[in-house]
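This is input_19.cif (mmCIF, C-alpha atoms).
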```
data_run
loop_
_atom_site.label_atom_id
_atom_site.label_comp_id
_atom_site.auth_asym_id
_atom_site.auth_seq_id
_atom_site.Cartn_x
_atom_site.Cartn_y
_atom_site.Cartn_z
CA MET V 38 4.67 -5.02 14.78
CA LYS V 39 1.76 -2.76 14.00
CA ARG V 40 -1.39 -4.04 12.38
CA LEU V 41 -4.27 -2.03 10.97
CA VAL V 42 -7.49 -3.91 10.59
CA ILE V 43 -9.18 -3.19 7.23
CA ILE V 44 -8.62 -0.97 4.23
CA ALA V 45 -11.52 -0.90 1.78
CA MET V 46 -10.48 0.57 -1.53
CA MET V 47 -12.78 1.47 -4.39
CA SER V 48 -11.83 0.53 -7.91
CA ALA V 49 -10.23 3.34 -9.88
CA PHE V 50 -10.87 1.80 -13.27
CA SER V 51 -14.44 0.48 -13.14
CA ALA V 52 -17.38 1.77 -11.16
CA ALA V 53 -18.93 -1.69 -11.58
CA LEU V 54 -16.29 -3.28 -9.35
CA PRO V 55 -16.97 -3.51 -5.61
CA ALA V 56 -14.53 -2.24 -3.02
CA ILE V 57 -11.60 -4.57 -2.50
CA SER V 58 -10.65 -5.66 1.01
CA LEU V 59 -7.03 -5.42 2.17
CA ARG V 60 -5.70 -6.05 5.66
CA GLU V 61 -2.59 -4.02 6.33
CA PHE V 62 0.29 -5.38 8.41
CA LEU V 63 3.14 -2.96 9.06
CA PRO V 64 6.58 -3.70 10.53
CA SER V 65 7.91 -1.72 13.46
CA GLN V 66 10.03 0.51 11.19
CA PRO V 67 9.04 2.18 7.88
CA ALA V 68 9.41 -0.24 4.97
CA GLU V 69 10.62 0.34 1.44
CA THR V 70 9.00 -2.86 0.13
CA ALA V 71 5.36 -3.91 0.28
CA VAL V 72 3.99 -7.33 -0.61
CA ILE V 73 0.35 -8.07 -1.44
CA VAL V 74 -0.41 -11.57 -0.15
CA CYS V 75 -2.96 -13.75 -1.97
CA PRO V 76 -4.01 -16.88 -0.06
CA GLY V 77 -4.97 -20.07 -1.87
CA GLY V 78 -8.24 -21.98 -1.87
CA SER V 79 -8.85 -23.34 -5.39
CA TYR V 80 -10.49 -20.04 -6.43
CA PHE V 81 -13.47 -21.16 -4.28
CA TRP V 82 -12.40 -19.96 -0.81
CA LEU V 83 -9.39 -18.36 0.90
CA GLY V 84 -6.99 -19.96 3.38
CA THR V 85 -6.49 -16.60 5.04
CA HIS V 86 -5.03 -17.76 8.35
CA THR V 87 -2.17 -19.98 7.16
CA GLU V 88 -1.52 -18.36 3.77
CA GLY V 89 -2.51 -14.80 4.65
CA ASP V 90 -2.14 -13.40 8.16
CA SER V 91 0.69 -15.72 9.22
CA VAL V 92 2.65 -14.94 6.07
CA ALA V 93 2.08 -11.21 6.58
CA ARG V 94 3.54 -11.43 10.09
CA SER V 95 6.58 -13.29 8.75
CA LEU V 96 7.08 -10.53 6.19
CA ASN V 97 6.81 -7.91 8.94
CA GLN V 98 9.53 -9.66 10.93
CA ALA V 99 11.75 -9.23 7.86
CA GLY V 100 10.95 -5.49 7.70
CA ILE V 101 8.49 -5.81 4.81
CA ALA V 102 4.99 -4.29 4.78
CA ALA V 103 2.21 -6.74 3.90
CA TYR V 104 -1.33 -6.43 2.61
CA VAL V 105 -3.53 -9.53 2.70
CA LEU V 106 -6.01 -9.42 -0.17
CA LYS V 107 -9.49 -10.88 0.05
CA TYR V 108 -10.08 -11.40 -3.66
CA ARG V 109 -13.34 -12.64 -5.09
CA THR V 110 -13.79 -16.41 -5.31
CA GLY V 111 -16.53 -18.76 -6.41
CA GLY V 112 -17.54 -19.40 -2.80
CA ILE V 113 -18.27 -22.57 -0.87
CA PHE V 114 -21.97 -22.46 -1.83
CA SER V 115 -21.20 -22.58 -5.55
CA PHE V 116 -18.60 -25.31 -4.93
CA VAL V 117 -21.19 -27.52 -3.23
CA THR V 118 -24.26 -26.71 -5.33
CA HIS V 119 -22.79 -25.92 -8.77
CA SER V 120 -25.01 -22.83 -8.69
CA ARG V 121 -22.95 -21.16 -11.42
CA LEU V 122 -24.64 -23.45 -13.90
CA LEU V 123 -27.48 -20.92 -13.62
CA PHE V 124 -25.89 -17.79 -12.14
CA ARG V 125 -22.51 -16.46 -13.23
CA GLY V 126 -21.30 -15.61 -9.73
CA HIS V 127 -17.62 -14.83 -9.16
CA GLN V 128 -15.19 -16.12 -11.76
CA HIS V 129 -12.50 -14.86 -14.15
CA PRO V 130 -11.61 -12.01 -14.60
CA MET V 131 -12.77 -10.90 -11.14
CA PRO V 132 -9.80 -12.23 -9.10
CA LEU V 133 -7.33 -10.71 -11.55
CA GLN V 134 -9.16 -7.37 -11.43
CA ASP V 135 -8.96 -7.46 -7.63
CA VAL V 136 -5.21 -8.07 -7.42
CA GLN V 137 -4.51 -5.48 -10.12
CA GLU V 138 -6.59 -2.96 -8.23
CA ALA V 139 -4.78 -3.81 -4.99
CA ILE V 140 -1.37 -3.25 -6.62
CA GLN V 141 -2.49 0.11 -7.97
CA GLN V 142 -3.96 1.24 -4.67
CA VAL V 143 -0.90 0.24 -2.60
CA ARG V 144 1.30 2.11 -5.08
CA GLN V 145 -0.85 5.19 -4.58
CA LEU V 146 -0.03 5.19 -0.88
CA ARG V 147 3.39 6.48 -2.04
CA ARG V 148 5.13 4.84 0.91
CA TYR V 149 7.08 2.19 -0.96
CA ARG V 150 9.85 1.98 -3.50
CA ARG V 151 8.56 -1.37 -4.74
CA VAL V 152 5.33 -3.37 -4.56
CA GLY V 153 5.40 -7.12 -5.11
CA VAL V 154 2.88 -9.94 -4.88
CA MET V 155 3.05 -13.30 -3.13
CA GLY V 156 0.52 -16.09 -3.61
CA PHE V 157 -0.08 -19.69 -2.64
CA SER V 158 -1.68 -22.50 -4.67
CA ALA V 159 -4.54 -20.84 -6.61
CA GLY V 160 -3.25 -17.56 -5.19
CA GLY V 161 0.05 -18.49 -6.81
CA HIS V 162 -1.73 -18.65 -10.15
CA LEU V 163 -3.29 -15.28 -9.43
CA VAL V 164 -0.01 -13.49 -8.68
CA LEU V 165 1.65 -15.05 -11.71
CA SER V 166 -1.32 -13.78 -13.74
CA ALA V 167 -0.64 -10.30 -12.37
CA GLY V 168 2.93 -10.61 -13.57
CA VAL V 169 1.98 -12.01 -16.99
CA PHE V 170 -0.94 -9.72 -17.80
CA GLY V 171 -0.25 -6.58 -15.75
CA SER V 172 0.91 -3.24 -17.11
CA GLY V 173 1.58 0.24 -15.75
CA GLU V 174 0.75 0.78 -12.08
CA GLN V 175 -1.05 -2.58 -11.98
CA ARG V 176 2.13 -4.51 -12.78
CA PRO V 177 4.00 -5.85 -9.73
CA ASP V 178 7.72 -5.25 -9.32
CA PHE V 179 8.26 -8.91 -8.45
CA VAL V 180 6.26 -12.10 -8.03
CA ALA V 181 6.61 -14.85 -5.41
CA SER V 182 4.52 -17.91 -6.26
CA CYS V 183 4.42 -20.86 -3.86
CA TYR V 184 3.25 -24.37 -4.82
CA PRO V 185 1.17 -22.67 -7.54
CA VAL V 186 -1.47 -23.74 -9.97
CA VAL V 187 -0.04 -22.72 -13.36
CA THR V 188 -1.74 -24.51 -16.23
CA MET V 189 -5.40 -24.81 -17.14
CA SER V 190 -4.86 -27.09 -20.13
CA GLN V 191 -2.05 -29.58 -19.42
CA PRO V 192 -2.66 -33.05 -17.89
CA CYS V 193 -1.24 -31.83 -14.55
CA VAL V 194 -4.03 -29.24 -14.20
CA HIS V 195 -5.65 -28.79 -10.79
CA LYS V 196 -9.24 -29.33 -11.89
CA ARG V 197 -10.90 -27.77 -8.85
CA SER V 198 -9.02 -24.50 -9.37
CA ARG V 199 -9.91 -24.53 -13.06
CA ARG V 200 -13.57 -24.92 -12.19
CA GLY V 201 -13.28 -22.26 -9.48
CA LEU V 202 -11.72 -19.74 -11.87
CA LEU V 203 -13.66 -20.47 -15.07
CA GLY V 204 -17.04 -21.58 -13.76
CA GLU V 205 -19.24 -24.52 -14.66
CA TRP V 206 -19.43 -23.77 -18.38
CA ARG V 207 -16.23 -22.02 -19.40
CA LYS V 208 -14.08 -24.72 -17.81
CA TYR V 209 -14.87 -26.77 -20.93
CA SER V 210 -13.69 -24.07 -23.34
CA GLN V 211 -10.26 -24.89 -24.75
CA THR V 212 -9.84 -21.24 -25.66
CA MET V 213 -10.39 -20.18 -22.05
CA ARG V 214 -8.17 -22.95 -20.73
CA ASP V 215 -5.32 -21.90 -23.02
CA SER V 216 -5.79 -18.20 -22.29
CA LEU V 217 -5.16 -18.79 -18.57
CA SER V 218 -2.47 -21.46 -18.88
CA LEU V 219 0.27 -19.11 -17.79
CA GLU V 220 3.16 -21.14 -19.16
CA ARG V 221 1.85 -20.14 -22.62
CA HIS V 222 1.94 -16.39 -21.99
CA VAL V 223 5.32 -15.63 -20.42
CA THR V 224 7.22 -12.82 -22.13
CA ALA V 225 10.74 -11.50 -21.67
CA ASP V 226 9.54 -8.33 -19.90
CA MET V 227 7.74 -10.19 -17.12
CA PRO V 228 8.76 -9.11 -13.58
CA PRO V 229 11.29 -11.28 -11.72
CA VAL V 230 9.78 -14.42 -10.21
CA PHE V 231 10.46 -16.52 -7.13
CA LEU V 232 8.93 -19.99 -7.53
CA MET V 233 8.68 -22.72 -4.89
CA ASN V 234 7.02 -26.12 -4.60
CA CYS V 235 7.43 -29.68 -3.30
CA VAL V 236 7.62 -32.88 -5.33
CA ASP V 237 5.37 -34.70 -2.84
CA ASP V 238 2.59 -32.07 -3.11
CA PRO V 239 -0.65 -34.10 -2.83
CA VAL V 240 -2.92 -31.31 -4.10
CA VAL V 241 -1.27 -29.45 -7.01
CA ASP V 242 0.97 -31.55 -9.24
CA TYR V 243 4.53 -30.25 -8.95
CA HIS V 244 4.83 -30.26 -12.76
CA ASN V 245 2.84 -26.99 -12.71
CA SER V 246 5.93 -25.23 -11.37
CA VAL V 247 8.18 -27.15 -13.74
CA LEU V 248 6.15 -25.79 -16.66
CA MET V 249 6.50 -22.23 -15.37
CA ASP V 250 10.21 -22.64 -14.68
CA SER V 251 10.72 -23.86 -18.25
CA ALA V 252 8.76 -20.93 -19.70
CA LEU V 253 10.64 -18.40 -17.59
CA THR V 254 13.96 -19.94 -18.61
CA LEU V 255 12.99 -19.97 -22.29
CA HIS V 256 12.16 -16.25 -22.20
CA GLN V 257 15.17 -15.41 -20.00
CA VAL V 258 13.04 -13.93 -17.23
CA PRO V 259 15.11 -13.46 -14.04
CA HIS V 260 13.80 -16.02 -11.59
CA ARG V 261 14.65 -18.47 -8.83
CA TYR V 262 12.99 -21.89 -8.69
CA VAL V 263 13.31 -23.75 -5.41
CA GLN V 264 12.03 -27.32 -5.44
CA TYR V 265 11.90 -29.52 -2.35
CA ARG V 266 11.51 -33.30 -2.26
CA THR V 267 9.14 -33.15 0.71
CA GLY V 268 6.90 -30.51 2.23
CA GLY V 269 3.40 -31.07 0.93
CA HIS V 270 0.96 -28.25 0.29
CA GLY V 271 -0.85 -25.44 2.06
CA PHE V 272 1.71 -24.54 4.73
CA GLY V 273 2.57 -20.91 4.03
CA THR V 274 5.01 -19.93 6.79
CA THR V 275 3.45 -22.23 9.41
CA TRP V 276 6.39 -24.58 9.82
CA SER V 277 4.47 -27.17 11.84
CA LYS V 278 2.49 -27.91 8.67
CA THR V 279 5.49 -28.83 6.52
CA THR V 280 8.88 -30.54 6.68
CA PRO V 281 12.20 -29.14 7.93
CA GLU V 282 13.38 -29.24 4.32
CA ALA V 283 10.61 -27.03 2.95
CA SER V 284 10.71 -24.68 5.95
CA HIS V 285 13.79 -23.07 4.38
CA TRP V 286 11.76 -21.53 1.56
CA PHE V 287 11.09 -18.21 3.27
CA ASP V 288 14.76 -17.58 3.93
CA GLU V 289 15.45 -18.46 0.29
CA PHE V 290 12.85 -15.89 -0.75
CA LEU V 291 14.34 -13.20 1.48
CA ASN V 292 17.83 -13.86 0.13
CA TRP V 293 16.52 -13.70 -3.44
CA LEU V 294 14.66 -10.45 -2.74
CA HIS V 295 17.71 -8.88 -1.08
CA LYS V 296 19.81 -9.60 -4.17
CA LEU V 297 17.04 -8.31 -6.40
CA VAL V 298 16.69 -4.91 -4.73
CA ASN V 299 20.35 -4.26 -3.90
#
```
Please express what this file holds, its structure, as C-alpha cells.
Amino acid sequence: MKRLVIIAMMSAFSAALPAISLREFLPSQPAETAVIVCPGGSYFWLGTHTEGDSVARSLNQAGIAAYVLKYRTGGIFSFVTHSRLLFRGHQHPMPLQDVQEAIQQVRQLRRYRRVGVMGFSAGGHLVLSAGVFGSGEQRPDFVASCYPVVTMSQPCVHKRSRRGLLGEWRKYSQTMRDSLSLERHVTADMPPVFLMNCVDDPVVDYHNSVLMDSALTLHQVPHRYVQYRTGGHGFGTTWSKTTPEASHWFDEFLNWLHKLVN
C-alpha cells in the first residue's frame, strides 16, 4: 500500500479556521471510495494509532482510500487543569467544522465516487454529527460509527466527552446538551449509517447506540446496527484488543458497504 505523510488543507469557508491535518493512506490500486477516519479520545485527545492509522491500513487492504483526520480537541492540558474555565480553547463547533472541511476537501480531489466517514467513541459522535448536520459537499455519503458517544443529555451520557466537546461552562447548558444529543436530530434524509458497539463496553454505555438505532429506525434511515455481547472499547481494527466475537465487525462493515454501493 502507498502512504503519503501529511496533507494540510486550508478552510474554504472561514479564514479564521486553521489548516486541517489529514494523513492520506492509499491502496495499491485506484479507489472509488474514500473514508475519512476520526479517532476517539473523549474530545480531549486522539487515539490515532489504534483508531486512526491501523484502521486506515485495514481500509487500504479492502481497496478503500483513507484519510486520518486530526481534528481539534480540548487537549490533555485542559483536561487536567480545567483551563477552559478561563480560556475558551478548543470546543464545539470546532471538531464539526474540521470534519466538514475534510469531507469538502477530499471531494475536491475529484478522485472518488463517494466519500464516507468512520469514527470511534467520541469520533463516532463526530461522524454522526457530520451526517446529521452536514449539507452539500460537506455531507458524507455514508457514516460508520463504532462504539460511539451519541447523547449529551440522557442518563447514559459519557460525561468526559460532554465536557471535552462543550467545555467547562456549556456542559451545564441543557440547550447545548440537547442540541448535540444526536438521537434528537435524526431526519429521514440522513446518509446511510453503519453502527457497531459491545454490550460490555466499560467506557461508553452501549445504550448510546441503542438510542441512535431507535432514532434511525423511527425515521426510516437505511442503516445496519451490529451489537456484540463482548468486545469492550477502543479496539478499532486491532484484534488483539478485543474479542473474537467483536473482531467480525470490519467484515460486517465491508459487506454492508458493498451492498450499499452496488
Exercise for review: Determine the residue set returned by the PyMOL selection byres ((chain V and resi 69-74) around 10) for the present structure, and present it as a ChimeraX atom specification.
Suggested key: /V:59-63,66-68,75-77,85,88-90,92-93,96-97,100-107,136,139-140,143-144,148-157,160-161,164,177-181,294,298
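Minimum atom-to-atom distance to Gly173 in chain V, evaluated using all atoms listed in the file, belongs to V:Pro228 out of V:His222, V:His119, V:Asp215, V:Pro228.
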List the residues matched by the PyMOL selection byres ((chain V and resi 257-273) around 7) in the displayed structure as a compact mmCIF listing (two decimals) with C-alpha atoms, in the frame of the given file, ordered by chain and then by residue number.
```txt
# COMPACT_ATOMS: atom_id res chain seq x y z
CA THR V 87 -2.17 -19.98 7.16
CA GLU V 88 -1.52 -18.36 3.77
CA VAL V 92 2.65 -14.94 6.07
CA TYR V 184 3.25 -24.37 -4.82
CA ALA V 225 10.74 -11.50 -21.67
CA MET V 227 7.74 -10.19 -17.12
CA PRO V 229 11.29 -11.28 -11.72
CA VAL V 230 9.78 -14.42 -10.21
CA PHE V 231 10.46 -16.52 -7.13
CA LEU V 232 8.93 -19.99 -7.53
CA MET V 233 8.68 -22.72 -4.89
CA ASN V 234 7.02 -26.12 -4.60
CA CYS V 235 7.43 -29.68 -3.30
CA VAL V 236 7.62 -32.88 -5.33
CA ASP V 237 5.37 -34.70 -2.84
CA ASP V 238 2.59 -32.07 -3.11
CA PRO V 239 -0.65 -34.10 -2.83
CA VAL V 240 -2.92 -31.31 -4.10
CA ASP V 250 10.21 -22.64 -14.68
CA LEU V 253 10.64 -18.40 -17.59
CA THR V 254 13.96 -19.94 -18.61
CA LEU V 255 12.99 -19.97 -22.29
CA HIS V 256 12.16 -16.25 -22.20
CA THR V 274 5.01 -19.93 6.79
CA THR V 275 3.45 -22.23 9.41
CA TRP V 276 6.39 -24.58 9.82
CA LYS V 278 2.49 -27.91 8.67
CA THR V 279 5.49 -28.83 6.52
CA THR V 280 8.88 -30.54 6.68
CA GLU V 282 13.38 -29.24 4.32
CA ALA V 283 10.61 -27.03 2.95
```
Practice item. Any chance you could resolve the PyMOL selection byres ((chain V and resi 193) around 8) against this file and give the residues as a ChimeraX atom specification? Key: /V:188,191-192,194-195,241-242,244-245
Take the residues that were just selected and, keeping C-alpha atoms, output them as a PDB file, in the coordinates of the input.
```
ATOM      1  CA  THR V 188      -1.740 -24.510 -16.230  1.00  0.00           C
ATOM      2  CA  GLN V 191      -2.050 -29.580 -19.420  1.00  0.00           C
ATOM      3  CA  PRO V 192      -2.660 -33.050 -17.890  1.00  0.00           C
ATOM      4  CA  VAL V 194      -4.030 -29.240 -14.200  1.00  0.00           C
ATOM      5  CA  HIS V 195      -5.650 -28.790 -10.790  1.00  0.00           C
ATOM      6  CA  VAL V 241      -1.270 -29.450  -7.010  1.00  0.00           C
ATOM      7  CA  ASP V 242       0.970 -31.550  -9.240  1.00  0.00           C
ATOM      8  CA  HIS V 244       4.830 -30.260 -12.760  1.00  0.00           C
ATOM      9  CA  ASN V 245       2.840 -26.990 -12.710  1.00  0.00           C
TER      10      ASN V 245
END
```
**Study point:** Point-to-point distance in Å for CA of Tyr80 in chain V and CA of Ser198 in chain V
**Key:**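 Computing the Euclidean distance for CA of Ser198 in chain V and CA of Tyr80 in chain V yields 5.5 Å.
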**Study point:** For Arg214 in chain V, the nearest of the candidates V:His129, V:Pro281, V:Leu163, V:Tyr243, counting all atoms listed in the file
**Key:** V:His129
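Among the candidate residues V:Ile57, V:Leu165, V:Ser158, V:Gly201, the one lying nearest to His127 in chain V is V:Gly201, with distances computed using only C-alpha atoms.
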Review point. With all atoms listed in the file as the atoms that count, which of V:Arg176, V:His86, V:Arg207, V:Lys196 lies nearest to Arg125 in chain V?
Key: V:Arg207
**Study point:** Best match for closeness to His295 in chain V among V:Ala99, V:Ala56, V:Val187, V:Leu83, counting all atoms listed in the file
**Key:**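 Between V:Ala99, V:Ala56, V:Val187, V:Leu83, the residue approaching His295 in chain V most closely is V:Ala99.
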Practice item. Please indicate the distance in Å from CA of Gly126 in chain V to CA of Glu174 in chain V, rounded to one decimal place. Key: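 These two atoms are separated by 27.6 Å.
Shortest separation to Gly112 in chain V among V:Val247, V:Leu291, V:Val223, V:Leu202 occurs at residue V:Leu202, atoms counted being all atoms listed in the file.
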As a JSON list (two decimals), in the coordinates of the input, could you write out range 147-171 of chain V once it has been completed with N, CA, C and O atoms?
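Output (rebuild19.json):
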```
[["chain", "number", "residue", "atom", "x", "y", "z"],
["V", 147, "ARG", "N", 2.12, 5.76, -1.88],
["V", 147, "ARG", "CA", 3.39, 6.48, -2.04],
["V", 147, "ARG", "C", 4.35, 6.26, -0.88],
["V", 147, "ARG", "O", 5.22, 7.07, -0.61],
["V", 148, "ARG", "N", 4.22, 5.14, -0.19],
["V", 148, "ARG", "CA", 5.13, 4.84, 0.91],
["V", 148, "ARG", "C", 6.31, 3.99, 0.47],
["V", 148, "ARG", "O", 7.31, 3.92, 1.17],
["V", 149, "TYR", "N", 6.18, 3.29, -0.65],
["V", 149, "TYR", "CA", 7.08, 2.19, -0.96],
["V", 149, "TYR", "C", 7.83, 2.41, -2.27],
["V", 149, "TYR", "O", 7.28, 2.93, -3.24],
["V", 150, "ARG", "N", 9.06, 1.94, -2.28],
["V", 150, "ARG", "CA", 9.85, 1.98, -3.50],
["V", 150, "ARG", "C", 9.45, 0.86, -4.45],
["V", 150, "ARG", "O", 9.62, 0.99, -5.68],
["V", 151, "ARG", "N", 8.94, -0.24, -3.90],
["V", 151, "ARG", "CA", 8.56, -1.37, -4.74],
["V", 151, "ARG", "C", 7.37, -2.09, -4.12],
["V", 151, "ARG", "O", 7.23, -2.16, -2.88],
["V", 152, "VAL", "N", 6.52, -2.63, -4.99],
["V", 152, "VAL", "CA", 5.33, -3.37, -4.56],
["V", 152, "VAL", "C", 5.34, -4.71, -5.29],
["V", 152, "VAL", "O", 5.27, -4.76, -6.53],
["V", 153, "GLY", "N", 5.42, -5.79, -4.54],
["V", 153, "GLY", "CA", 5.40, -7.12, -5.11],
["V", 153, "GLY", "C", 4.15, -7.87, -4.69],
["V", 153, "GLY", "O", 3.32, -7.37, -3.93],
["V", 154, "VAL", "N", 4.02, -9.08, -5.22],
["V", 154, "VAL", "CA", 2.88, -9.94, -4.88],
["V", 154, "VAL", "C", 3.40, -11.32, -4.51],
["V", 154, "VAL", "O", 4.39, -11.80, -5.05],
["V", 155, "MET", "N", 2.72, -11.95, -3.57],
["V", 155, "MET", "CA", 3.05, -13.30, -3.13],
["V", 155, "MET", "C", 1.77, -14.10, -3.02],
["V", 155, "MET", "O", 0.81, -13.66, -2.39],
["V", 156, "GLY", "N", 1.73, -15.28, -3.65],
["V", 156, "GLY", "CA", 0.52, -16.09, -3.61],
["V", 156, "GLY", "C", 0.82, -17.55, -3.43],
["V", 156, "GLY", "O", 1.92, -18.03, -3.71],
["V", 157, "PHE", "N", -0.21, -18.28, -2.99],
["V", 157, "PHE", "CA", -0.08, -19.69, -2.64],
["V", 157, "PHE", "C", -1.16, -20.49, -3.36],
["V", 157, "PHE", "O", -2.33, -20.11, -3.35],
["V", 158, "SER", "N", -0.75, -21.59, -4.00],
["V", 158, "SER", "CA", -1.68, -22.50, -4.67],
["V", 158, "SER", "C", -2.47, -21.74, -5.75],
["V", 158, "SER", "O", -1.86, -21.20, -6.68],
["V", 159, "ALA", "N", -3.80, -21.65, -5.64],
["V", 159, "ALA", "CA", -4.54, -20.84, -6.61],
["V", 159, "ALA", "C", -4.12, -19.38, -6.53],
["V", 159, "ALA", "O", -4.08, -18.67, -7.55],
["V", 160, "GLY", "N", -3.79, -18.91, -5.33],
["V", 160, "GLY", "CA", -3.25, -17.56, -5.19],
["V", 160, "GLY", "C", -1.92, -17.41, -5.91],
["V", 160, "GLY", "O", -1.57, -16.32, -6.36],
["V", 161, "GLY", "N", -1.17, -18.51, -6.03],
["V", 161, "GLY", "CA", 0.05, -18.49, -6.81],
["V", 161, "GLY", "C", -0.21, -18.29, -8.29],
["V", 161, "GLY", "O", 0.54, -17.60, -8.98],
["V", 162, "HIS", "N", -1.30, -18.90, -8.78],
["V", 162, "HIS", "CA", -1.73, -18.65, -10.15],
["V", 162, "HIS", "C", -2.13, -17.20, -10.32],
["V", 162, "HIS", "O", -1.79, -16.55, -11.33],
["V", 163, "LEU", "N", -2.82, -16.66, -9.35],
["V", 163, "LEU", "CA", -3.29, -15.28, -9.43],
["V", 163, "LEU", "C", -2.14, -14.29, -9.50],
["V", 163, "LEU", "O", -2.14, -13.36, -10.33],
["V", 164, "VAL", "N", -1.12, -14.47, -8.66],
["V", 164, "VAL", "CA", -0.01, -13.49, -8.68],
["V", 164, "VAL", "C", 0.83, -13.65, -9.94],
["V", 164, "VAL", "O", 1.36, -12.66, -10.47],
["V", 165, "LEU", "N", 0.97, -14.87, -10.43],
["V", 165, "LEU", "CA", 1.65, -15.05, -11.71],
["V", 165, "LEU", "C", 0.85, -14.39, -12.83],
["V", 165, "LEU", "O", 1.43, -13.80, -13.75],
["V", 166, "SER", "N", -0.47, -14.46, -12.76],
["V", 166, "SER", "CA", -1.32, -13.78, -13.74],
["V", 166, "SER", "C", -1.09, -12.28, -13.71],
["V", 166, "SER", "O", -1.04, -11.62, -14.75],
["V", 167, "ALA", "N", -0.93, -11.74, -12.50],
["V", 167, "ALA", "CA", -0.64, -10.30, -12.37],
["V", 167, "ALA", "C", 0.67, -9.95, -13.04],
["V", 167, "ALA", "O", 0.81, -8.89, -13.67],
["V", 168, "GLY", "N", 1.65, -10.84, -12.92],
["V", 168, "GLY", "CA", 2.93, -10.61, -13.57],
["V", 168, "GLY", "C", 2.88, -10.76, -15.08],
["V", 168, "GLY", "O", 3.51, -10.01, -15.82],
["V", 169, "VAL", "N", 2.10, -11.73, -15.55],
["V", 169, "VAL", "CA", 1.98, -12.01, -16.99],
["V", 169, "VAL", "C", 1.16, -10.95, -17.70],
["V", 169, "VAL", "O", 1.53, -10.46, -18.77],
["V", 170, "PHE", "N", 0.03, -10.57, -17.11],
["V", 170, "PHE", "CA", -0.94, -9.72, -17.80],
["V", 170, "PHE", "C", -0.93, -8.26, -17.34],
["V", 170, "PHE", "O", -1.61, -7.42, -17.95],
["V", 171, "GLY", "N", -0.21, -7.93, -16.29],
["V", 171, "GLY", "CA", -0.25, -6.58, -15.75],
["V", 171, "GLY", "C", 0.55, -5.59, -16.59],
["V", 171, "GLY", "O", 1.47, -5.94, -17.31]]
```
